[in-house]
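S.K.: Contents of upload-v5.pdb (PDB, C-alpha atoms) are below:
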```pdb
MODEL        1
ATOM      1  CA  MET Q 165      22.955 -58.371 103.812
ATOM      2  CA  PRO Q 166      20.077 -59.380 101.546
ATOM      3  CA  LYS Q 167      18.523 -56.693  99.413
ATOM      4  CA  PRO Q 168      15.146 -55.657 100.601
ATOM      5  CA  SER Q 169      12.412 -56.924  98.389
ATOM      6  CA  HIS Q 170       9.701 -54.714  97.275
ATOM      7  CA  LYS Q 171       6.226 -55.747  96.987
ATOM      8  CA  ARG Q 172       3.934 -54.826  94.223
ATOM      9  CA  GLY Q 173       2.672 -51.400  94.751
ATOM     10  CA  GLU Q 174       5.510 -50.336  96.934
ATOM     11  CA  LEU Q 175       7.851 -47.499  95.870
ATOM     12  CA  ASP Q 176      11.250 -48.300  94.221
ATOM     13  CA  PRO Q 177      13.923 -46.756  96.412
ATOM     14  CA  THR Q 178      16.167 -46.152  93.253
ATOM     15  CA  PRO Q 179      15.528 -42.639  91.912
ATOM     16  CA  ALA Q 180      14.094 -42.452  88.379
ATOM     17  CA  SER Q 181      16.624 -39.770  87.416
ATOM     18  CA  GLN Q 182      19.504 -42.097  88.054
ATOM     19  CA  THR Q 183      17.983 -44.732  85.851
ATOM     20  CA  GLY Q 184      17.594 -42.204  83.042
ATOM     21  CA  LEU Q 185      21.198 -41.142  83.357
ATOM     22  CA  GLU Q 186      22.365 -44.721  83.097
ATOM     23  CA  GLU Q 187      20.290 -45.259  79.958
ATOM     24  CA  LYS Q 188      21.482 -41.942  78.523
ATOM     25  CA  GLY Q 189      25.126 -42.760  79.249
ATOM     26  CA  ALA Q 190      24.786 -46.055  77.476
ATOM     27  CA  GLY Q 191      23.225 -44.299  74.440
ATOM     28  CA  SER Q 192      25.931 -41.637  74.375
ATOM     29  CA  ALA Q 193      28.642 -44.252  74.367
ATOM     30  CA  ASP Q 194      27.037 -46.019  71.450
ATOM     31  CA  GLY Q 195      26.671 -42.685  69.517
ATOM     32  CA  THR Q 196      30.291 -41.685  70.118
ATOM     33  CA  SER Q 197      31.439 -45.054  68.909
ATOM     34  CA  GLU Q 198      29.433 -44.659  65.745
ATOM     35  CA  ILE Q 199      30.817 -41.156  65.171
ATOM     36  CA  LEU Q 200      34.363 -42.346  65.682
ATOM     37  CA  LYS Q 201      33.720 -45.241  63.355
ATOM     38  CA  GLU Q 202      32.385 -42.840  60.680
ATOM     39  CA  LEU Q 203      35.340 -40.499  61.160
ATOM     40  CA  LYS Q 204      37.806 -43.350  60.719
ATOM     41  CA  LEU Q 205      35.968 -44.478  57.606
ATOM     42  CA  PHE Q 206      35.982 -40.899  56.285
ATOM     43  CA  ARG Q 207      39.681 -40.513  57.002
ATOM     44  CA  THR Q 208      40.407 -43.823  55.323
ATOM     45  CA  GLU Q 209      38.427 -42.819  52.258
ATOM     46  CA  THR Q 210      39.971 -39.330  52.277
ATOM     47  CA  ALA Q 211      43.463 -40.763  52.578
ATOM     48  CA  GLY Q 212      42.741 -43.043  49.625
ATOM     49  CA  ASN Q 213      41.292 -40.176  47.579
ATOM     50  CA  PHE Q 214      44.250 -37.955  48.362
ATOM     51  CA  GLY Q 215      46.575 -40.774  47.399
ATOM     52  CA  VAL Q 216      44.850 -41.013  44.030
ATOM     53  CA  LEU Q 217      44.875 -37.218  43.691
ATOM     54  CA  ARG Q 218      48.552 -37.080  44.616
ATOM     55  CA  LYS Q 219      49.344 -39.690  41.985
ATOM     56  CA  GLU Q 220      47.298 -37.803  39.383
ATOM     57  CA  VAL Q 221      49.036 -34.518  40.257
ATOM     58  CA  SER Q 222      52.391 -36.266  40.013
ATOM     59  CA  ASP Q 223      51.444 -37.617  36.581
ATOM     60  CA  ILE Q 224      50.284 -34.157  35.519
ATOM     61  CA  LYS Q 225      53.576 -32.687  36.660
ATOM     62  CA  LEU Q 226      55.570 -35.310  34.769
ATOM     63  CA  ASN Q 227      53.489 -34.740  31.655
ATOM     64  CA  PHE Q 228      53.849 -31.010  32.042
ATOM     65  CA  GLU Q 229      57.619 -31.255  32.434
ATOM     66  CA  GLU Q 230      57.746 -33.342  29.278
ATOM     67  CA  LEU Q 231      55.503 -30.853  27.488
ATOM     68  CA  LYS Q 232      57.650 -27.956  28.730
ATOM     69  CA  THR Q 233      60.760 -29.669  27.387
ATOM     70  CA  ARG Q 234      59.115 -30.236  24.031
ATOM     71  CA  VAL Q 235      57.907 -26.608  23.867
ATOM     72  CA  ASN Q 236      61.408 -25.354  24.678
ATOM     73  CA  ASP Q 237      62.847 -27.576  21.967
ATOM     74  CA  ALA Q 238      60.238 -26.311  19.507
ATOM     75  CA  GLU Q 239      60.990 -22.676  20.380
ATOM     76  CA  GLN Q 240      64.700 -23.357  19.949
ATOM     77  CA  ARG Q 241      64.108 -24.906  16.518
ATOM     78  CA  ILE Q 242      61.878 -21.974  15.532
ATOM     79  CA  ALA Q 243      64.557 -19.528  16.674
ATOM     80  CA  ASP Q 244      67.212 -21.398  14.716
ATOM     81  CA  ASN Q 245      64.995 -21.475  11.628
ATOM     82  CA  GLU Q 246      64.252 -17.744  11.887
ATOM     83  CA  GLU Q 247      67.929 -16.911  12.230
ATOM     84  CA  ARG Q 248      68.726 -19.192   9.309
ATOM     85  CA  ASN Q 249      65.938 -17.526   7.354
ATOM     86  CA  MET Q 250      67.427 -14.131   8.189
ATOM     87  CA  ASP Q 251      70.819 -15.276   6.931
ATOM     88  CA  LEU Q 252      69.260 -16.612   3.739
ATOM     89  CA  THR Q 253      67.339 -13.352   3.296
ATOM     90  CA  LYS Q 254      70.554 -11.373   3.581
ATOM     91  CA  VAL Q 255      72.214 -13.660   1.060
ATOM     92  CA  LEU Q 256      69.210 -13.308  -1.246
ATOM     93  CA  PHE Q 257      69.296  -9.514  -1.143
ATOM     94  CA  HIS Q 258      73.063  -9.553  -1.647
ATOM     95  CA  LEU Q 259      72.625 -11.722  -4.726
ATOM     96  CA  MET Q 260      69.837  -9.475  -5.996
ATOM     97  CA  ARG Q 261      72.036  -6.402  -5.598
ATOM     98  CA  LYS Q 262      74.812  -8.268  -7.354
ATOM     99  CA  GLN Q 263      72.424  -9.290 -10.120
ATOM    100  CA  LYS Q 264      71.277  -5.685 -10.485
ATOM    101  CA  TYR Q 265      74.877  -4.534 -10.739
ATOM    102  CA  LEU Q 266      75.676  -7.188 -13.344
ATOM    103  CA  GLU Q 267      72.552  -6.321 -15.341
ATOM    104  CA  GLU Q 268      73.553  -2.661 -15.403
ATOM    105  CA  LYS Q 269      77.108  -3.630 -16.327
ATOM    106  CA  CYS Q 270      75.915  -5.863 -19.162
ATOM    107  CA  GLU Q 271      73.541  -3.128 -20.304
ATOM    108  CA  ASP Q 272      76.416  -0.655 -20.391
ATOM    109  CA  LEU Q 273      78.689  -3.070 -22.261
ATOM    110  CA  GLU Q 274      75.966  -3.891 -24.783
ATOM    111  CA  GLY Q 275      75.285  -0.194 -25.309
ATOM    112  CA  ARG Q 276      78.970   0.449 -25.913
ATOM    113  CA  SER Q 277      79.123  -2.431 -28.377
ATOM    114  CA  ARG Q 278      76.344  -0.714 -30.380
ATOM    115  CA  ARG Q 279      78.026   2.685 -30.525
ATOM    116  CA  ASN Q 280      79.062   2.168 -34.172
ATOM    117  CA  ASN Q 281      75.554   1.064 -35.204
ATOM    118  CA  LEU Q 282      72.548   2.961 -36.457
ATOM    119  CA  ARG Q 283      69.054   1.861 -37.357
ATOM    120  CA  ILE Q 284      67.017   2.774 -40.390
ATOM    121  CA  TYR Q 285      63.254   2.446 -40.019
ATOM    122  CA  SER Q 286      60.399   2.051 -42.522
ATOM    123  CA  VAL Q 287      62.530   0.966 -45.501
ATOM    124  CA  PRO Q 288      60.151  -1.138 -47.627
ATOM    125  CA  GLU Q 289      60.900  -4.835 -47.581
ATOM    126  CA  LYS Q 290      63.014  -6.292 -50.425
ATOM    127  CA  THR Q 291      64.038  -2.883 -51.742
ATOM    128  CA  GLU Q 292      67.613  -3.686 -50.749
ATOM    129  CA  GLY Q 293      67.877  -6.478 -53.297
ATOM    130  CA  SER Q 294      70.449  -9.165 -52.712
ATOM    131  CA  ASN Q 295      73.208  -7.021 -51.164
ATOM    132  CA  MET Q 296      72.326  -4.901 -48.168
ATOM    133  CA  ILE Q 297      75.724  -3.184 -47.849
ATOM    134  CA  VAL Q 298      75.677  -1.993 -51.462
ATOM    135  CA  PHE Q 299      72.121  -0.712 -50.969
ATOM    136  CA  ILE Q 300      73.084   1.277 -47.849
ATOM    137  CA  GLU Q 301      76.194   2.772 -49.499
ATOM    138  CA  LYS Q 302      74.074   3.928 -52.433
ATOM    139  CA  LEU Q 303      71.445   5.349 -50.074
ATOM    140  CA  ILE Q 304      74.101   7.345 -48.194
ATOM    141  CA  ARG Q 305      75.634   8.773 -51.363
ATOM    142  CA  GLU Q 306      72.375   9.655 -53.138
ATOM    143  CA  GLN Q 307      70.023  10.591 -50.284
ATOM    144  CA  LEU Q 308      72.469  12.038 -47.734
ATOM    145  CA  SER Q 309      74.926  13.495 -50.272
ATOM    146  CA  ILE Q 310      77.984  12.135 -48.448
ATOM    147  CA  ARG Q 311      80.831  11.739 -50.907
ATOM    148  CA  GLU Q 312      83.569  10.640 -48.531
ATOM    149  CA  GLU Q 313      84.395   6.978 -48.288
ATOM    150  CA  ILE Q 314      82.223   5.243 -45.709
ATOM    151  CA  TYR Q 315      83.236   1.805 -44.466
ATOM    152  CA  ILE Q 316      80.352  -0.455 -43.523
ATOM    153  CA  GLU Q 317      81.219  -3.683 -41.749
ATOM    154  CA  ARG Q 318      77.754  -5.243 -41.586
ATOM    155  CA  ALA Q 319      74.182  -4.398 -42.540
ATOM    156  CA  HIS Q 320      71.055  -6.520 -42.124
ATOM    157  CA  ARG Q 321      67.429  -6.415 -41.137
ATOM    158  CA  VAL Q 322      66.416  -7.394 -37.657
ATOM    159  CA  GLY Q 323      64.705 -10.730 -37.037
ATOM    160  CA  GLY Q 324      61.032 -11.199 -37.833
ATOM    161  CA  THR Q 325      60.054 -12.006 -34.233
ATOM    162  CA  GLY Q 326      59.036  -8.414 -33.584
ATOM    163  CA  VAL Q 327      55.772  -8.599 -35.559
ATOM    164  CA  SER Q 328      53.058  -7.021 -33.429
ATOM    165  CA  VAL Q 329      49.913  -8.939 -32.580
ATOM    166  CA  GLY Q 330      47.082  -8.057 -34.934
ATOM    167  CA  ARG Q 331      49.378  -6.819 -37.704
ATOM    168  CA  ALA Q 332      49.792  -8.847 -40.859
ATOM    169  CA  ALA Q 333      53.298  -9.950 -41.710
ATOM    170  CA  ALA Q 334      53.048  -8.211 -45.079
ATOM    171  CA  ASP Q 335      52.392  -4.846 -43.369
ATOM    172  CA  PHE Q 336      55.319  -5.180 -40.976
ATOM    173  CA  THR Q 337      58.560  -3.508 -42.069
ATOM    174  CA  ARG Q 338      61.664  -4.662 -40.267
ATOM    175  CA  SER Q 339      64.271  -2.082 -39.353
ATOM    176  CA  ILE Q 340      67.814  -2.233 -40.737
ATOM    177  CA  ILE Q 341      70.903  -2.264 -38.536
ATOM    178  CA  VAL Q 342      74.067  -0.826 -40.065
ATOM    179  CA  CYS Q 343      77.446  -1.295 -38.372
ATOM    180  CA  PHE Q 344      80.152   1.188 -39.416
ATOM    181  CA  ARG Q 345      83.862   0.794 -38.968
ATOM    182  CA  SER Q 346      84.079   3.751 -36.565
ATOM    183  CA  PHE Q 347      81.859   5.814 -34.326
ATOM    184  CA  LYS Q 348      82.893   8.962 -36.202
ATOM    185  CA  GLU Q 349      81.575   7.639 -39.522
ATOM    186  CA  LYS Q 350      78.295   6.595 -37.941
ATOM    187  CA  GLN Q 351      77.838  10.038 -36.396
ATOM    188  CA  ARG Q 352      78.507  11.740 -39.729
ATOM    189  CA  VAL Q 353      75.787   9.700 -41.439
ATOM    190  CA  LEU Q 354      73.332  10.108 -38.554
ATOM    191  CA  HIS Q 355      73.728  13.893 -38.321
ATOM    192  CA  ALA Q 356      73.346  14.217 -42.097
ATOM    193  CA  ALA Q 357      70.093  12.246 -41.943
ATOM    194  CA  TRP Q 358      68.776  14.282 -39.029
ATOM    195  CA  SER Q 359      69.562  17.547 -40.813
ATOM    196  CA  LEU Q 360      67.576  16.501 -43.898
ATOM    197  CA  LYS Q 361      64.616  15.200 -41.846
ATOM    198  CA  ASP Q 362      62.478  14.137 -44.845
ATOM    199  CA  ILE Q 363      64.155  11.182 -46.574
ATOM    200  CA  ARG Q 364      62.049   8.896 -48.766
ATOM    201  CA  ILE Q 365      62.349   5.639 -50.664
ATOM    202  CA  ASN Q 366      59.545   4.862 -53.112
ATOM    203  CA  ASP Q 367      57.483   7.669 -51.531
ATOM    204  CA  GLN Q 368      57.934   6.023 -48.146
ATOM    205  CA  ARG Q 369      59.519   8.230 -45.494
ATOM    206  CA  ILE Q 370      62.383   6.544 -43.647
ATOM    207  CA  TYR Q 371      63.973   7.409 -40.310
ATOM    208  CA  PHE Q 372      67.510   7.176 -38.936
ATOM    209  CA  ASP Q 373      68.270   6.701 -35.263
ATOM    210  CA  GLU Q 374      70.767   5.231 -32.829
ATOM    211  CA  ASP Q 375      70.842   1.495 -32.214
ATOM    212  CA  TYR Q 376      69.895   1.232 -28.555
ATOM    213  CA  THR Q 377      69.563  -1.807 -26.323
ATOM    214  CA  THR Q 378      66.171  -3.340 -25.628
ATOM    215  CA  GLU Q 379      65.895  -1.785 -22.179
ATOM    216  CA  VAL Q 380      66.752   1.683 -23.468
ATOM    217  CA  PHE Q 381      64.165   1.293 -26.243
ATOM    218  CA  LYS Q 382      61.532   0.396 -23.640
ATOM    219  CA  GLU Q 383      62.362   3.434 -21.506
ATOM    220  CA  ARG Q 384      62.362   5.798 -24.458
ATOM    221  CA  ALA Q 385      59.057   4.369 -25.729
ATOM    222  CA  LYS Q 386      57.361   5.569 -22.528
ATOM    223  CA  TYR Q 387      57.581   9.139 -23.836
ATOM    224  CA  ARG Q 388      55.682   8.370 -27.050
ATOM    225  CA  SER Q 389      52.236   9.632 -26.013
ATOM    226  CA  ALA Q 390      53.702  12.586 -24.095
ATOM    227  CA  ARG Q 391      55.710  13.764 -27.100
ATOM    228  CA  LYS Q 392      52.596  13.698 -29.277
ATOM    229  CA  GLN Q 393      50.836  15.933 -26.757
ATOM    230  CA  LEU Q 394      53.848  18.250 -26.630
ATOM    231  CA  GLN Q 395      53.836  18.480 -30.427
ATOM    232  CA  GLU Q 396      50.157  19.460 -30.374
ATOM    233  CA  ARG Q 397      51.043  22.238 -27.912
ATOM    234  CA  LYS Q 398      53.880  23.439 -30.161
ATOM    235  CA  ILE Q 399      56.527  22.462 -27.625
ATOM    236  CA  LYS Q 400      59.623  20.930 -29.156
ATOM    237  CA  SER Q 401      61.143  17.952 -27.386
ATOM    238  CA  ARG Q 402      64.022  15.543 -27.752
ATOM    239  CA  ILE Q 403      65.013  12.340 -26.021
ATOM    240  CA  LEU Q 404      68.572  12.298 -24.763
ATOM    241  CA  TYR Q 405      70.561   9.174 -24.012
ATOM    242  CA  PRO Q 406      69.625   6.956 -22.357
ATOM    243  CA  ALA Q 407      66.037   8.039 -21.609
ATOM    244  CA  LYS Q 408      66.001  11.726 -20.687
ATOM    245  CA  LEU Q 409      63.361  14.084 -22.015
ATOM    246  CA  MET Q 410      64.452  17.591 -23.039
ATOM    247  CA  LEU Q 411      61.926  20.357 -23.638
ATOM    248  CA  PHE Q 412      62.725  23.485 -25.685
ATOM    249  CA  LEU Q 413      60.717  26.272 -24.072
ATOM    250  CA  GLN Q 414      59.518  29.447 -25.782
ATOM    251  CA  ASP Q 415      61.832  31.691 -23.758
ATOM    252  CA  GLY Q 416      64.848  29.902 -25.195
ATOM    253  CA  LYS Q 417      65.470  27.848 -22.090
ATOM    254  CA  THR Q 418      65.475  24.076 -21.876
ATOM    255  CA  LYS Q 419      64.164  21.708 -19.252
ATOM    256  CA  ILE Q 420      65.393  18.144 -18.811
ATOM    257  CA  PHE Q 421      63.615  15.316 -17.040
ATOM    258  CA  GLU Q 422      66.039  12.613 -15.962
ATOM    259  CA  ASN Q 423      63.642   9.661 -16.242
ATOM    260  CA  PRO Q 424      60.033   8.837 -17.207
ATOM    261  CA  ARG Q 425      58.796   8.990 -13.596
ATOM    262  CA  GLU Q 426      60.143  12.495 -13.171
ATOM    263  CA  ALA Q 427      58.710  13.490 -16.538
ATOM    264  CA  ALA Q 428      55.259  12.138 -15.630
ATOM    265  CA  GLU Q 429      55.162  14.503 -12.658
ATOM    266  CA  GLY Q 430      56.780  17.524 -14.322
ATOM    267  CA  LEU Q 431      54.728  17.455 -17.526
ATOM    268  CA  LYS Q 432      51.583  18.180 -15.536
ATOM    269  CA  ASP Q 433      52.708  21.813 -15.453
ATOM    270  CA  PHE Q 434      52.517  21.841 -19.263
ATOM    271  CA  GLY Q 435      49.068  20.242 -19.415
ATOM    272  CA  VAL Q 436      50.473  16.919 -20.587
ATOM    273  CA  THR Q 437      49.292  13.676 -19.020
ATOM    274  CA  MET Q 438      51.669  10.740 -18.924
ATOM    275  CA  GLU Q 439      51.259   7.389 -17.270
ATOM    276  CA  VAL Q 440      53.514   7.081 -14.252
ATOM    277  CA  PRO Q 441      55.812   4.081 -14.746
ATOM    278  CA  ARG Q 442      55.887   1.500 -12.019
ATOM    279  CA  LYS Q 443      58.689   2.134  -9.573
ATOM    280  CA  GLU Q 444      61.275  -0.592  -9.252
ATOM    281  CA  PRO Q 445      61.644  -2.063  -5.747
ATOM    282  CA  ASP Q 446      64.456  -0.655  -3.662
ATOM    283  CA  TRP Q 447      66.128  -3.823  -2.415
ATOM    284  CA  ASP Q 448      68.516  -1.985  -0.114
ATOM    285  CA  SER Q 449      65.644  -0.327   1.749
ATOM    286  CA  ALA Q 450      63.777  -3.624   1.846
ATOM    287  CA  LEU Q 451      66.812  -5.309   3.386
ATOM    288  CA  ARG Q 452      67.118  -2.658   6.077
ATOM    289  CA  ALA Q 453      63.382  -2.902   6.758
ATOM    290  CA  ALA Q 454      63.574  -6.694   7.134
ATOM    291  CA  GLY Q 455      64.857  -6.440  10.723
ATOM    292  CA  TRP Q 456      63.232  -9.577  12.094
ATOM    293  CA  GLN Q 457      63.795 -10.321  15.755
ATOM    294  CA  SER Q 458      64.786 -13.792  16.804
ATOM    295  CA  PRO Q 459      62.909 -15.359  19.756
ATOM    296  CA  ARG Q 460      66.252 -15.546  21.553
ATOM    297  CA  ARG Q 461      66.247 -11.768  21.730
ATOM    298  CA  ARG Q 462      62.568 -11.361  22.561
ATOM    299  CA  SER Q 463      61.309 -10.520  26.033
ATOM    300  CA  LYS Q 464      60.937 -13.633  28.133
ATOM    301  CA  ARG Q 465      57.289 -14.446  28.620
ATOM    302  CA  ALA Q 466      57.049 -17.903  30.215
ATOM    303  CA  PRO Q 467      53.465 -19.009  30.867
ATOM    304  CA  ALA Q 468      54.913 -22.489  31.304
ATOM    305  CA  GLY Q 469      56.711 -21.256  34.435
ATOM    306  CA  GLU Q 470      53.480 -19.966  35.885
ATOM    307  CA  ILE Q 471      51.788 -23.336  35.360
ATOM    308  CA  THR Q 472      54.718 -25.131  36.962
ATOM    309  CA  ALA Q 473      54.503 -22.836  39.987
ATOM    310  CA  SER Q 474      50.771 -23.525  40.348
ATOM    311  CA  VAL Q 475      51.298 -27.285  40.241
ATOM    312  CA  GLU Q 476      54.105 -27.045  42.786
ATOM    313  CA  SER Q 477      51.904 -24.963  45.108
ATOM    314  CA  LEU Q 478      49.153 -27.568  44.910
ATOM    315  CA  ARG Q 479      51.632 -30.332  45.661
ATOM    316  CA  LEU Q 480      52.966 -28.493  48.736
ATOM    317  CA  SER Q 481      49.417 -27.932  49.961
ATOM    318  CA  LEU Q 482      48.695 -31.650  49.746
ATOM    319  CA  VAL Q 483      51.900 -32.488  51.584
ATOM    320  CA  SER Q 484      51.034 -29.981  54.328
ATOM    321  CA  TYR Q 485      47.563 -31.457  54.684
ATOM    322  CA  GLU Q 486      48.945 -34.988  54.991
ATOM    323  CA  ASN Q 487      51.392 -33.861  57.679
ATOM    324  CA  ASP Q 488      48.581 -32.204  59.639
ATOM    325  CA  LYS Q 489      46.496 -35.362  59.325
ATOM    326  CA  THR Q 490      49.354 -37.495  60.617
ATOM    327  CA  ASP Q 491      49.776 -35.231  63.619
ATOM    328  CA  ASP Q 492      46.085 -35.577  64.429
ATOM    329  CA  ASP Q 493      46.345 -39.340  64.370
TER     330      ASP Q 493
ENDMDL
END
```
Rewrite the structure from the file as structure tokens, please.

M.R.:
Amino acid sequence: MPKPSHKRGELDPTPASQTGLEEKGAGSADGTSEILKELKLFRTETAGNFGVLRKEVSDIKLNFEELKTRVNDAEQRIADNEERNMDLTKVLFHLMRKQKYLEEKCEDLEGRSRRNNLRIYSVPEKTEGSNMIVFIEKLIREQLSIREEIYIERAHRVGGTGVSVGRAAADFTRSIIVCFRSFKEKQRVLHAAWSLKDIRINDQRIYFDEDYTTEVFKERAKYRSARKQLQERKIKSRILYPAKLMLFLQDGKTKIFENPREAAEGLKDFGVTMEVPRKEPDWDSALRAAGWQSPRRRSKRAPAGEITASVESLRLSLVSYENDKTDDD
């Protein structure tokens, strides 16, 4: 049947609302297509970006694993070096204790080798003439009034290297070392000299004393200023071997200080000031105090593990997202 024609001015039998719906439906279809197209483009771009991100995360993880391995190797080398250092420190302290023991042993042996010697101080230079032994024998007979036979093995002045700075060589008088055949003979001469006290040669007072080692001389010299102060206070004193200070008190008692450090503290009670000698390091205590702790025994703090866990968590999140995206497709 032919469609009825409509003349101009006549009403269109098709409702206007239906026409609008048709136009709207066509527009909605075009809009949905565009949205879907944009979503696909977004997903494509997102998939590409996540692929790049996944590759970068994988590279970071590989680099981190390599860095972790290198850090572990470095810590292991540091631990080995510290343990080796500890072993070397123990060996060093052992050798130092051994050296100290040998020094004390040598000091004792040297002191024993000087037991038959005595020293004579302040004897004017060249008064001995050409024969020192004959000069000493004459000095003992005439000044000390010892008539028994005394056997002297050696006698000589010490070397000239002991000249003090600022003193002219002409003013420096070297001491004389006399070696007797026996300790008994040396003691007889020494006690005779100490009992006379004032012995002179050419109006020059001379002094007799033991022949000590260099270290003992240094220790005994630390009492020099203190003994002068004690003498001013009318307190008699004497230095005992090797370097002990004995005081003779007014009540007849005596007091002994075992070493210069002890004397420096004890003499304060007598109004005497004495410089406190520097204390020698105690190597045994230092060794016990050197209790280093190797990294192998330290508490395990592994920030590297925390970083690895974070990277792994990120990787799992990306994998989960990709799986969800695949399910949506």

S.K.: Could you write out as a ChimeraX atom specification the residues that the PyMOL selection byres ((chain Q and resi 308) around 10) matches in the shown file?

M.R.: /Q:302-307,309-311,353-360,363

S.K.: Mind dumping the selected residues with C-alpha atoms as an mmCIF file, in the coordinates of the input?

M.R.:
```
data_model
loop_
_atom_site.group_PDB
_atom_site.id
_atom_site.type_symbol
_atom_site.label_atom_id
_atom_site.label_comp_id
_atom_site.auth_asym_id
_atom_site.auth_seq_id
_atom_site.Cartn_x
_atom_site.Cartn_y
_atom_site.Cartn_z
ATOM 1 C CA LYS Q 302 74.074 3.928 -52.433
ATOM 2 C CA LEU Q 303 71.445 5.349 -50.074
ATOM 3 C CA ILE Q 304 74.101 7.345 -48.194
ATOM 4 C CA ARG Q 305 75.634 8.773 -51.363
ATOM 5 C CA GLU Q 306 72.375 9.655 -53.138
ATOM 6 C CA GLN Q 307 70.023 10.591 -50.284
ATOM 7 C CA SER Q 309 74.926 13.495 -50.272
ATOM 8 C CA ILE Q 310 77.984 12.135 -48.448
ATOM 9 C CA ARG Q 311 80.831 11.739 -50.907
ATOM 10 C CA VAL Q 353 75.787 9.700 -41.439
ATOM 11 C CA LEU Q 354 73.332 10.108 -38.554
ATOM 12 C CA HIS Q 355 73.728 13.893 -38.321
ATOM 13 C CA ALA Q 356 73.346 14.217 -42.097
ATOM 14 C CA ALA Q 357 70.093 12.246 -41.943
ATOM 15 C CA TRP Q 358 68.776 14.282 -39.029
ATOM 16 C CA SER Q 359 69.562 17.547 -40.813
ATOM 17 C CA LEU Q 360 67.576 16.501 -43.898
ATOM 18 C CA ILE Q 363 64.155 11.182 -46.574
#
```

S.K.: Tell me which residues the PyMOL selection byres ((chain Q and resi 372) around 8) grabs here, as an mmCIF file with C-alpha atoms, in the coordinates of the input.

M.R.:
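Written out: expr_34.cif:
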```cif
data_model
loop_
_atom_site.group_PDB
_atom_site.id
_atom_site.type_symbol
_atom_site.label_atom_id
_atom_site.label_comp_id
_atom_site.auth_asym_id
_atom_site.auth_seq_id
_atom_site.Cartn_x
_atom_site.Cartn_y
_atom_site.Cartn_z
ATOM 1 C CA LEU Q 282 72.548 2.961 -36.457
ATOM 2 C CA ARG Q 283 69.054 1.861 -37.357
ATOM 3 C CA ILE Q 284 67.017 2.774 -40.390
ATOM 4 C CA TYR Q 285 63.254 2.446 -40.019
ATOM 5 C CA LEU Q 354 73.332 10.108 -38.554
ATOM 6 C CA ALA Q 357 70.093 12.246 -41.943
ATOM 7 C CA TRP Q 358 68.776 14.282 -39.029
ATOM 8 C CA ILE Q 370 62.383 6.544 -43.647
ATOM 9 C CA TYR Q 371 63.973 7.409 -40.310
ATOM 10 C CA ASP Q 373 68.270 6.701 -35.263
ATOM 11 C CA GLU Q 374 70.767 5.231 -32.829
#
```

S.K.: Please write as an mmCIF file with C-alpha atoms, keeping the file's coordinate frame the full residue list that the PyMOL selection byres ((chain Q and resi 258-271) around 9) yields on this file.

M.R.:
```cif
data_model
loop_
_atom_site.group_PDB
_atom_site.id
_atom_site.type_symbol
_atom_site.label_atom_id
_atom_site.label_comp_id
_atom_site.auth_asym_id
_atom_site.auth_seq_id
_atom_site.Cartn_x
_atom_site.Cartn_y
_atom_site.Cartn_z
ATOM 1 C CA THR Q 253 67.339 -13.352 3.296
ATOM 2 C CA LYS Q 254 70.554 -11.373 3.581
ATOM 3 C CA VAL Q 255 72.214 -13.660 1.060
ATOM 4 C CA LEU Q 256 69.210 -13.308 -1.246
ATOM 5 C CA PHE Q 257 69.296 -9.514 -1.143
ATOM 6 C CA ASP Q 272 76.416 -0.655 -20.391
ATOM 7 C CA LEU Q 273 78.689 -3.070 -22.261
ATOM 8 C CA GLU Q 274 75.966 -3.891 -24.783
ATOM 9 C CA GLY Q 275 75.285 -0.194 -25.309
ATOM 10 C CA ARG Q 276 78.970 0.449 -25.913
ATOM 11 C CA THR Q 377 69.563 -1.807 -26.323
ATOM 12 C CA GLU Q 379 65.895 -1.785 -22.179
ATOM 13 C CA VAL Q 380 66.752 1.683 -23.468
ATOM 14 C CA TRP Q 447 66.128 -3.823 -2.415
ATOM 15 C CA ASP Q 448 68.516 -1.985 -0.114
#
```

S.K.: At what distance in Å, to one decimal, does atom CA of Q:Arg384 lie from atom CA of Q:Ile341?

M.R.: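 Taking atom CA of Q:Ile341 and atom CA of Q:Arg384, their separation equals 18.3 Å.
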
S.K.: By how many Å are atom CA of Q:Asn423 and atom CA of Q:Glu383 apart?

M.R.: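 Atom CA of Q:Glu383 lies at a distance of 8.3 Å from atom CA of Q:Asn423.
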
S.K.: Show me as a count of residues only the residues that reach within 12 Å of (51.8, 27.1, -27.7), counting all atoms listed in the file and using the file's own coordinates.

M.R.: 14

S.K.: Do you know which residues are at most 12 Å from Q:Lys348 counting all atoms listed in the file, after dropping those on the same chain fewer than 2 positions away, and could you put them as a list in words?

M.R.: Arg279, Asn280, Asn281, Leu282, Ile314, Tyr315, Cys343, Phe344, Arg345, Ser346, Lys350, Gln351, Arg352, Val353, Leu354 and His355 of chain Q

S.K.: Based on the selection just made, write C-alpha atoms of those residues as a CSV table (one decimal), keeping the file's coordinate frame.

M.R.:
```csv
chain,number,residue,atom,x,y,z
Q,279,ARG,CA,78.0,2.7,-30.5
Q,280,ASN,CA,79.1,2.2,-34.2
Q,281,ASN,CA,75.6,1.1,-35.2
Q,282,LEU,CA,72.5,3.0,-36.5
Q,314,ILE,CA,82.2,5.2,-45.7
Q,315,TYR,CA,83.2,1.8,-44.5
Q,343,CYS,CA,77.4,-1.3,-38.4
Q,344,PHE,CA,80.2,1.2,-39.4
Q,345,ARG,CA,83.9,0.8,-39.0
Q,346,SER,CA,84.1,3.8,-36.6
Q,350,LYS,CA,78.3,6.6,-37.9
Q,351,GLN,CA,77.8,10.0,-36.4
Q,352,ARG,CA,78.5,11.7,-39.7
Q,353,VAL,CA,75.8,9.7,-41.4
Q,354,LEU,CA,73.3,10.1,-38.6
Q,355,HIS,CA,73.7,13.9,-38.3
```
